[in-house]
Amino acid sequence: MTSDELLARIRLNGAVPRHVAIIMDGNGRWARERHLPRALGHRNGMKSVREAVEGSIQAGLEVLSLFAFSQENWQRPVTEVTALMSLLEEYVEREKAELIANGVRVRVIGDLDRLSPAARQAVDGVMDATAHNDRLTVQLFISYGARAELVRAARRLAAAAVEGTLDPADIDEDAFRAHLYTNGSPDPDLLIRTSGEQRISNFMLWQLAYTELHIIPVLWPDFTRRDLFAAILEYQSRERRFGKVTA
Ligand code: FPP
């Protein structure tokens with residue numbers, strides 16, 4: 001089926017997921033298969049980011065979350081980290097006008113204090129410039145780790161308790177959720193991971209509690225909107241019970 005045919009089927013089925021998250025994996029293997037430097041795998045992965053964003057708009061998603069750079073990724077060789085950071089800046093600068101024209105709001109999530117001043121300026125710029133858009137929210141996870149996000153939330157709650165503005169007895173799931181980076185965003189309905197690895201890799205551990213998983217062998221630089229549509233179509237055939245039984 002072509003991507004248009006898949007899209008037509010998705011629309012016939014009715015409800016689409018509100019929020020799709022993607023672990024973009026396999027750039028390195030894609031490059032190695034072609035005897036290219038890893039940085040070229042990441043560069044080609046940028047085209048797939050565009051495919052995912054445009055496909056999400058076409059499908060009518062509210063939120064697209066992309067895991068672009070984990071906290072653990074800081075431990076990669078400095079040349080690769082530098083290449084990824086400059087790609088990020090390049091992506092933001094090059095796509096900003098298009099994102100604005102398409103009504104996309106960009107939210108960059110993670111420990112942004114670790115970014116270089118130039119990368120930080122680029123991400124702050126695109127967040128400001130797109131803050132009022134509401135067609136699609138793209139959450140770009142950079143320098144992000146879910147355990148660190150949970151620890152940060154716990155620390156903030158503890159600080160409020162020590163200050164006396166929060167009674168520990170009032171700490172419930174909603175209070176905890178409010179201190180996550182993703183506050184205000186619905187939990188992902190569907191998680192796609194490319195390159196066949198069957199892991200969560202410290203991504204949105206809280207938010208993924210009831211998310212449907214969809215793992216495909218495609219390496220990220222080969223990912224197109226057709227893969228996104230096929231995943232959504234398959235998701236629409238699943239039954240989500242959230243731990244309950246079907247009525
Ligand atoms: C995983 O492949 C991918 C990454 C660590 C980086 C993802 C970055 C991009 C898709 C491009 C830049 C994105 C934006 C938003 C500008 P890997 O290197 O772990 O691949 P491997 O497992 O095959 O080695």
# chains A, B, ... in the order shown; residues from 1 in each chain; ligands from 1

call {"tool": "select_by_dssp", "arguments": {"residues": "region 78-218 of chain A", "states": "strand (DSSP E or B)", "output": "PDB file with C-alpha atoms, in the first residue's frame"}}
result
ATOM      1  CA  VAL A 104       4.053  23.141  14.877  1.00  0.00           C
ATOM      2  CA  ARG A 105       4.930  23.931  18.484  1.00  0.00           C
ATOM      3  CA  VAL A 106       8.382  22.667  19.467  1.00  0.00           C
ATOM      4  CA  ARG A 107       9.100  21.729  23.055  1.00  0.00           C
ATOM      5  CA  VAL A 108      12.670  20.651  23.796  1.00  0.00           C
ATOM      6  CA  ILE A 109      12.857  18.364  26.826  1.00  0.00           C
ATOM      7  CA  LEU A 136       1.026  19.592  16.371  1.00  0.00           C
ATOM      8  CA  THR A 137       3.392  19.635  19.338  1.00  0.00           C
ATOM      9  CA  VAL A 138       6.789  18.100  18.639  1.00  0.00           C
ATOM     10  CA  GLN A 139       8.603  17.147  21.834  1.00  0.00           C
ATOM     11  CA  LEU A 140      12.303  16.799  21.113  1.00  0.00           C
ATOM     12  CA  PHE A 141      14.090  14.881  23.870  1.00  0.00           C
ATOM     13  CA  ILE A 142      17.694  16.035  24.101  1.00  0.00           C
ATOM     14  CA  SER A 143      20.117  15.297  26.940  1.00  0.00           C
ATOM     15  CA  TYR A 144      17.204  13.379  28.415  1.00  0.00           C
ATOM     16  CA  LEU A 190       2.001   4.391  20.774  1.00  0.00           C
ATOM     17  CA  LEU A 191       5.792   3.985  20.964  1.00  0.00           C
ATOM     18  CA  ILE A 192       7.671   3.143  17.785  1.00  0.00           C
ATOM     19  CA  ARG A 193      11.258   1.926  17.998  1.00  0.00           C
ATOM     20  CA  GLU A 212       1.387   0.211  22.985  1.00  0.00           C
ATOM     21  CA  LEU A 213       4.786  -0.839  21.625  1.00  0.00           C
ATOM     22  CA  HIS A 214       5.599  -1.147  17.938  1.00  0.00           C
ATOM     23  CA  ILE A 215       9.098  -2.299  17.031  1.00  0.00           C
TER      24      ILE A 215
END

call {"tool": "residues_near_ligand", "arguments": {"ligand": "ligand 1", "cutoff": "9 Å", "atoms": "only C-alpha atoms and all ligand atoms", "output": "ChimeraX atom specification"}}
result
/A:23-32,38-39,41-50,66-70,73,80,84-92,140-142,195,197,219-221

call {"tool": "residues_around", "arguments": {"residues": "Arg156 (chain A)", "least_positions_apart": "5", "cutoff": "9 Å", "atoms": "only C-alpha atoms", "output": "CSV table (one decimal) with N, CA, C and O atoms, in the first residue's frame"}}
result
chain,number,residue,atom,x,y,z
A,151,VAL,N,13.9,11.6,39.3
A,151,VAL,CA,14.7,12.1,40.4
A,151,VAL,C,14.4,13.6,40.6
A,151,VAL,O,14.2,14.1,41.7
A,161,ALA,N,7.9,20.3,50.1
A,161,ALA,CA,7.5,19.8,51.5
A,161,ALA,C,8.4,20.5,52.6
A,161,ALA,O,7.8,20.9,53.6
A,179,HIS,N,5.3,17.5,38.0
A,179,HIS,CA,6.8,17.9,38.1
A,179,HIS,C,7.6,17.2,37.1
A,179,HIS,O,8.8,17.4,37.1

call {"tool": "atom_distance", "arguments": {"atom1": "CA of Ala131 (chain A)", "atom2": "CA of Asp111 (chain A)"}}
result
19.3 Å

call {"tool": "closest_residue", "arguments": {"among": "A:Gln71, A:Lys96, A:Val78, A:Thr224", "to": "Leu112 (chain A)", "atoms": "only C-alpha atoms"}}
result
A:Gln71

call {"tool": "residues_around", "arguments": {"residues": "Val63 (chain A)", "least_positions_apart": "2", "cutoff": "9 Å", "atoms": "only C-alpha atoms", "output": "list in words"}}
result
Arg18, His19, Val20, Ala21, Ser56, Leu61, Ser65, Leu136, Thr137, Val138, Gln139, Ser185, Pro186 and Pro188 of chain A

call {"tool": "residues_around", "arguments": {"residues": "Ala129 (chain A)", "least_positions_apart": "2", "cutoff": "10 Å", "atoms": "only C-alpha atoms", "output": "VMD selection string"}}
result
chain A and resid 96 to 97 99 to 100 105 to 106 123 to 127 131 to 133

call {"tool": "atom_distance", "arguments": {"atom1": "CA of Gly184 (chain A)", "atom2": "CA of Ile171 (chain A)"}}
result
17.6 Å

call {"tool": "closest_residue", "arguments": {"among": "A:Trp206, A:Phe176, A:Phe229, A:Trp74", "to": "Arg11 (chain A)", "atoms": "only C-alpha atoms"}}
result
A:Phe229

call {"tool": "atom_distance", "arguments": {"atom1": "CA of Gly145 (chain A)", "atom2": "CA of Ala169 (chain A)"}}
result
27.5 Å

call {"tool": "residues_around", "arguments": {"residues": "Glu149 (chain A)", "least_positions_apart": "6", "cutoff": "8 Å", "atoms": "only C-alpha atoms", "output": "VMD selection string"}}
result
chain A and resid 110 180 to 181

call {"tool": "write_last_selection", "arguments": {"atoms": "C-alpha atoms", "output": "PDB file, in the first residue's frame"}}
result
ATOM      1  CA  GLY A 110      15.878  17.335  28.890  1.00  0.00           C
ATOM      2  CA  LEU A 180       7.763  15.910  35.041  1.00  0.00           C
ATOM      3  CA  TYR A 181       9.192  17.726  32.017  1.00  0.00           C
TER       4      TYR A 181
END

call {"tool": "residues_around", "arguments": {"residues": "Ala230 (chain A)", "least_positions_apart": "2", "cutoff": "9 Å", "atoms": "only C-alpha atoms", "output": "ChimeraX atom specification"}}
result
/A:3,6-7,10,225-228,232-235

call {"tool": "select_by_dssp", "arguments": {"residues": "region 56-125 of chain A", "states": "helix (DSSP H, G or I)", "output": "NGL selection string"}}
result
:A and (56-59 or 72-75 or 78-101 or 112-114 or 117-125)

call {"tool": "closest_residue", "arguments": {"among": "A:Leu205, A:Ile22, A:Ala122, A:Val16", "to": "Arg238 (chain A)", "atoms": "only C-alpha atoms"}}
result
A:Val16
